[in-house]
file structure-v3.cif (mmCIF, C-alpha atoms)
data_my_file
loop_
_atom_site.label_atom_id
_atom_site.label_comp_id
_atom_site.auth_asym_id
_atom_site.auth_seq_id
_atom_site.Cartn_x
_atom_site.Cartn_y
_atom_site.Cartn_z
CA MET A 1 28.76 -79.40 -50.68
CA VAL A 2 28.99 -76.26 -52.81
CA ASN A 3 31.78 -76.25 -55.35
CA MET A 4 33.51 -72.96 -54.74
CA ALA A 5 36.81 -71.79 -56.15
CA ALA A 6 39.75 -72.36 -53.87
CA PRO A 7 40.11 -69.47 -51.45
CA ILE A 8 42.78 -66.94 -52.18
CA PRO A 9 45.48 -67.55 -49.58
CA ALA A 10 46.30 -64.64 -47.33
CA SER A 11 49.42 -62.81 -48.29
CA PRO A 12 52.30 -62.92 -45.81
CA LEU A 13 51.77 -59.15 -45.86
CA PHE A 14 48.19 -59.56 -44.62
CA LEU A 15 48.27 -56.29 -42.67
CA ARG A 16 48.65 -54.16 -45.80
CA GLU A 17 45.78 -51.98 -46.93
CA PRO A 18 44.66 -54.19 -49.87
CA GLU A 19 44.37 -57.26 -47.64
CA ILE A 20 42.51 -55.33 -44.94
CA ARG A 21 40.16 -53.82 -47.53
CA ARG A 22 39.51 -57.30 -48.96
CA GLY A 23 38.60 -58.58 -45.49
CA ILE A 24 36.26 -55.66 -44.85
CA GLU A 25 34.57 -56.15 -48.22
CA LEU A 26 34.17 -59.90 -47.68
CA LEU A 27 32.71 -59.25 -44.24
CA TYR A 28 30.32 -56.64 -45.60
CA PHE A 29 29.11 -58.62 -48.63
CA GLY A 30 28.99 -61.90 -46.72
CA TYR A 31 26.87 -60.41 -43.95
CA ALA A 32 24.62 -58.62 -46.46
CA ASN A 33 24.02 -61.88 -48.33
CA LEU A 34 23.41 -63.78 -45.10
CA THR A 35 20.82 -61.32 -43.83
CA ARG A 36 19.10 -61.08 -47.23
CA SER A 37 18.30 -64.78 -46.82
CA ILE A 38 15.78 -63.91 -44.10
CA ASP A 39 14.33 -60.71 -45.54
CA ALA A 40 11.44 -62.46 -47.31
CA GLY A 41 10.43 -64.31 -44.13
CA LEU A 42 10.53 -61.07 -42.18
CA ALA A 43 8.64 -59.13 -44.85
CA LYS A 44 5.87 -61.75 -44.82
CA GLN A 45 5.36 -60.81 -41.17
CA GLY A 46 5.75 -57.08 -41.79
CA LEU A 47 8.96 -57.10 -39.74
CA GLY A 48 12.53 -55.96 -40.31
CA ARG A 49 16.04 -56.94 -39.34
CA ALA A 50 15.86 -55.14 -35.98
CA HIS A 51 12.95 -57.41 -35.06
CA HIS A 52 15.01 -60.43 -36.08
CA ARG A 53 17.97 -59.38 -33.94
CA ALA A 54 15.69 -59.03 -30.92
CA LEU A 55 14.05 -62.41 -31.58
CA TYR A 56 17.44 -64.05 -32.07
CA PHE A 57 18.98 -62.88 -28.81
CA ILE A 58 15.83 -63.45 -26.75
CA ALA A 59 15.71 -67.00 -28.14
CA ARG A 60 19.35 -67.52 -27.18
CA GLN A 61 18.77 -66.35 -23.62
CA PRO A 62 15.21 -66.65 -22.29
CA ASP A 63 14.50 -64.16 -19.50
CA LEU A 64 16.99 -61.73 -20.98
CA THR A 65 16.50 -58.33 -19.40
CA VAL A 66 15.53 -55.37 -21.52
CA SER A 67 18.68 -53.57 -20.36
CA ALA A 68 20.87 -56.52 -21.40
CA LEU A 69 19.21 -56.60 -24.82
CA LEU A 70 19.78 -52.85 -25.14
CA SER A 71 23.45 -53.41 -24.42
CA ILE A 72 23.77 -56.29 -26.90
CA LEU A 73 22.00 -54.47 -29.73
CA GLY A 74 23.54 -51.07 -29.05
CA ILE A 75 20.37 -49.20 -29.97
CA THR A 76 18.36 -46.53 -28.17
CA LYS A 77 15.65 -47.33 -25.64
CA GLN A 78 13.15 -45.71 -27.97
CA SER A 79 14.14 -47.96 -30.91
CA LEU A 80 14.09 -51.08 -28.78
CA GLY A 81 10.76 -50.05 -27.25
CA ARG A 82 9.24 -49.78 -30.72
CA VAL A 83 10.63 -53.18 -31.78
CA LEU A 84 9.54 -54.94 -28.59
CA GLY A 85 6.13 -53.26 -28.72
CA GLU A 86 5.54 -54.52 -32.25
CA LEU A 87 6.70 -58.03 -31.35
CA ALA A 88 4.48 -58.05 -28.24
CA ASP A 89 1.48 -56.76 -30.24
CA ARG A 90 1.96 -59.67 -32.67
CA GLY A 91 2.12 -62.16 -29.80
CA MET A 92 5.79 -63.06 -30.37
CA VAL A 93 7.41 -61.71 -27.22
CA GLU A 94 6.17 -61.59 -23.67
CA THR A 95 7.53 -59.53 -20.83
CA ARG A 96 7.38 -60.36 -17.16
CA THR A 97 8.67 -58.71 -14.02
CA GLY A 98 11.86 -59.97 -12.42
CA GLU A 99 11.43 -62.03 -9.27
CA ARG A 100 14.36 -60.53 -7.34
CA ASP A 101 14.19 -57.05 -8.83
CA ARG A 102 10.65 -55.96 -9.63
CA ARG A 103 12.02 -53.17 -11.84
CA GLN A 104 13.49 -55.69 -14.26
CA ARG A 105 11.57 -56.62 -17.38
CA LEU A 106 12.40 -60.15 -18.51
CA LEU A 107 11.84 -61.13 -22.12
CA ARG A 108 10.76 -64.49 -23.53
CA LEU A 109 9.56 -65.65 -26.89
CA THR A 110 6.04 -66.97 -27.13
CA PRO A 111 5.46 -70.15 -29.16
CA ALA A 112 4.69 -67.94 -32.19
CA GLY A 113 7.90 -65.95 -31.69
CA ALA A 114 9.93 -69.13 -31.23
CA ALA A 115 8.45 -70.58 -34.44
CA LEU A 116 9.35 -67.48 -36.46
CA GLU A 117 12.85 -67.29 -34.97
CA SER A 118 13.37 -70.98 -35.76
CA GLU A 119 12.21 -70.50 -39.37
CA LEU A 120 14.57 -67.56 -39.81
CA PHE A 121 17.43 -69.43 -38.16
CA ASP A 122 16.95 -72.34 -40.56
CA ALA A 123 17.60 -69.99 -43.50
CA LEU A 124 20.70 -68.60 -41.78
CA ARG A 125 21.91 -72.07 -40.82
CA GLU A 126 21.68 -73.21 -44.43
CA LYS A 127 23.87 -70.32 -45.63
CA MET A 128 26.40 -70.70 -42.80
CA SER A 129 26.57 -74.49 -43.11
CA THR A 130 27.28 -74.23 -46.82
CA ALA A 131 30.02 -71.67 -46.25
CA TYR A 132 31.53 -73.64 -43.34
CA SER A 133 31.51 -76.87 -45.36
CA SER A 134 33.26 -75.29 -48.32
CA ALA A 135 35.88 -73.62 -46.12
CA GLY A 136 36.64 -76.59 -43.86
CA GLN A 137 37.04 -76.96 -40.12
CA GLY A 138 40.40 -75.20 -39.84
CA ALA A 139 39.15 -72.16 -41.72
CA VAL A 140 36.06 -71.94 -39.49
CA GLY A 141 38.26 -71.69 -36.40
CA GLY A 142 40.33 -68.96 -38.05
CA PHE A 143 37.17 -67.12 -39.10
CA TRP A 144 35.90 -67.23 -35.52
CA ALA A 145 39.25 -65.97 -34.22
CA VAL A 146 39.17 -62.99 -36.59
CA LEU A 147 35.57 -62.13 -35.70
CA GLU A 148 36.30 -62.51 -31.99
CA GLY A 149 39.17 -60.06 -32.46
CA LEU A 150 36.62 -57.53 -33.70
CA VAL A 151 34.49 -57.90 -30.56
CA PRO A 152 35.70 -55.73 -27.65
CA GLU A 153 36.97 -57.79 -24.71
CA SER A 154 34.20 -56.35 -22.53
CA ASP A 155 31.53 -57.74 -24.89
CA ARG A 156 32.99 -61.19 -25.55
CA SER A 157 31.06 -62.76 -22.68
CA SER A 158 27.87 -61.98 -24.64
CA VAL A 159 28.96 -64.35 -27.41
CA SER A 160 27.43 -67.76 -26.94
CA GLY A 161 29.77 -70.73 -26.73
CA ARG A 162 32.34 -69.03 -24.51
#
call {"tool": "encode", "arguments": {"input": "structure-v3.cif", "output": "structure tokens"}}
result
Amino acid sequence: MVNMAAPIPASPLFLREPEIRRGIELLYFGYANLTRSIDAGLAKQGLGRAHHRALYFIARQPDLTVSALLSILGITKQSLGRVLGELADRGMVETRTGERDRRQRLLRLTPAGAALESELFDALREKMSTAYSSAGQGAVGGFWAVLEGLVPESDRSSVSGR
């Protein structure tokens, strides 16, 4: 367990600007540090964070449609096409036609894509596990509640574990 300083308790006036700014900064710097933990693994493959996001969500939901991935990632078709094309060229993602709707393109990771996603996830898991352990179970639930509050109601069904 990492020995971290005791967290600063939230002020009873937690909706004031300083408290909100602190939360935004913690979210920003925490996410930046988390994602930096996978940058070297991605760079070794000549890939970037957009490739990781695609790998991550395809791994979470095999046979995810391209349109569903577009919706999750909130990027343009052109950007996603480039990312998926590069992943397919490297033998990490395969696309097949939907059985009920032949217009659908269903995405799956190949064994090589699954191996890379797993390697990257291990680095993320290590960072998150350390932070969760130092914060404690109650804090993790509160953290999830705050993050869920940032996700629009219409998108919450996309979050795994619901």
call {"tool": "residues_near_point", "arguments": {"input": "structure-v3.cif", "point": "(36.0, -69.7, -42.6)", "cutoff": "12 Å", "atoms": "all atoms listed in the file", "output": "list in words"}}
result
Pro7, Pro9, Gly23, Leu26, Leu27, Gly30, Met128, Ser129, Thr130, Ala131, Tyr132, Ser133, Ser134, Ala135, Gly136, Gln137, Gly138, Ala139, Val140, Gly141, Gly142, Phe143, Trp144, Ala145, Val146 and Leu147 of chain A
call {"tool": "resolve_selection", "arguments": {"input": "structure-v3.cif", "expression": "the PyMOL selection byres ((chain A and resi 124) around 12)", "output": "ChimeraX atom specification"}}
result
/A:30-39,41,52,56,117-123,125-131
call {"tool": "atom_distance", "arguments": {"input": "structure-v3.cif", "atom1": "atom CA of A:Arg105", "atom2": "atom CA of A:Thr65"}}
result
5.6 Å
call {"tool": "resolve_selection", "arguments": {"input": "structure-v3.cif", "expression": "the PyMOL selection byres ((chain A and resi 86-101) around 10)", "output": "MDAnalysis selection string"}}
result
chainID A and resid 45:47 51:52 54:55 58:59 63:66 80:85 102:117
call {"tool": "atom_distance", "arguments": {"input": "structure-v3.cif", "atom1": "atom CA of A:Ser154", "atom2": "atom CA of A:Arg53"}}
result
20.1 Å
call {"tool": "atom_distance", "arguments": {"input": "structure-v3.cif", "atom1": "atom CA of A:Gln78", "atom2": "atom CA of A:Ala50"}}
result
12.7 Å
call {"tool": "build_atoms", "arguments": {"input": "structure-v3.cif", "residues": "stretch 13-25 of chain A", "atoms": "N, CA and C atoms", "output": "compact mmCIF listing (two decimals), in the frame of the given file"}}
result
# COMPACT_ATOMS: atom_id res chain seq x y z
N LEU A 13 51.88 -60.57 -46.21
CA LEU A 13 51.77 -59.15 -45.86
C LEU A 13 50.30 -58.81 -45.60
N PHE A 14 49.63 -59.67 -44.81
CA PHE A 14 48.19 -59.56 -44.62
C PHE A 14 47.74 -58.31 -43.89
N LEU A 15 48.66 -57.52 -43.36
CA LEU A 15 48.27 -56.29 -42.67
C LEU A 15 48.34 -55.06 -43.59
N ARG A 16 48.63 -55.29 -44.86
CA ARG A 16 48.65 -54.16 -45.80
C ARG A 16 47.22 -53.75 -46.12
N GLU A 17 47.10 -52.53 -46.62
CA GLU A 17 45.78 -51.98 -46.93
C GLU A 17 44.96 -52.86 -47.87
N PRO A 18 45.51 -53.38 -48.98
CA PRO A 18 44.66 -54.19 -49.87
C PRO A 18 44.07 -55.43 -49.18
N GLU A 19 44.86 -56.07 -48.33
CA GLU A 19 44.37 -57.26 -47.64
C GLU A 19 43.30 -56.89 -46.61
N ILE A 20 43.50 -55.78 -45.93
CA ILE A 20 42.51 -55.33 -44.94
C ILE A 20 41.22 -54.91 -45.66
N ARG A 21 41.35 -54.21 -46.76
CA ARG A 21 40.16 -53.82 -47.53
C ARG A 21 39.42 -55.06 -48.04
N ARG A 22 40.15 -56.07 -48.49
CA ARG A 22 39.51 -57.30 -48.96
C ARG A 22 38.72 -57.95 -47.82
N GLY A 23 39.30 -58.00 -46.64
CA GLY A 23 38.60 -58.58 -45.49
C GLY A 23 37.34 -57.81 -45.14
N ILE A 24 37.43 -56.49 -45.16
CA ILE A 24 36.26 -55.66 -44.85
C ILE A 24 35.17 -55.88 -45.89
N GLU A 25 35.56 -55.93 -47.17
CA GLU A 25 34.57 -56.15 -48.22
C GLU A 25 33.94 -57.53 -48.12
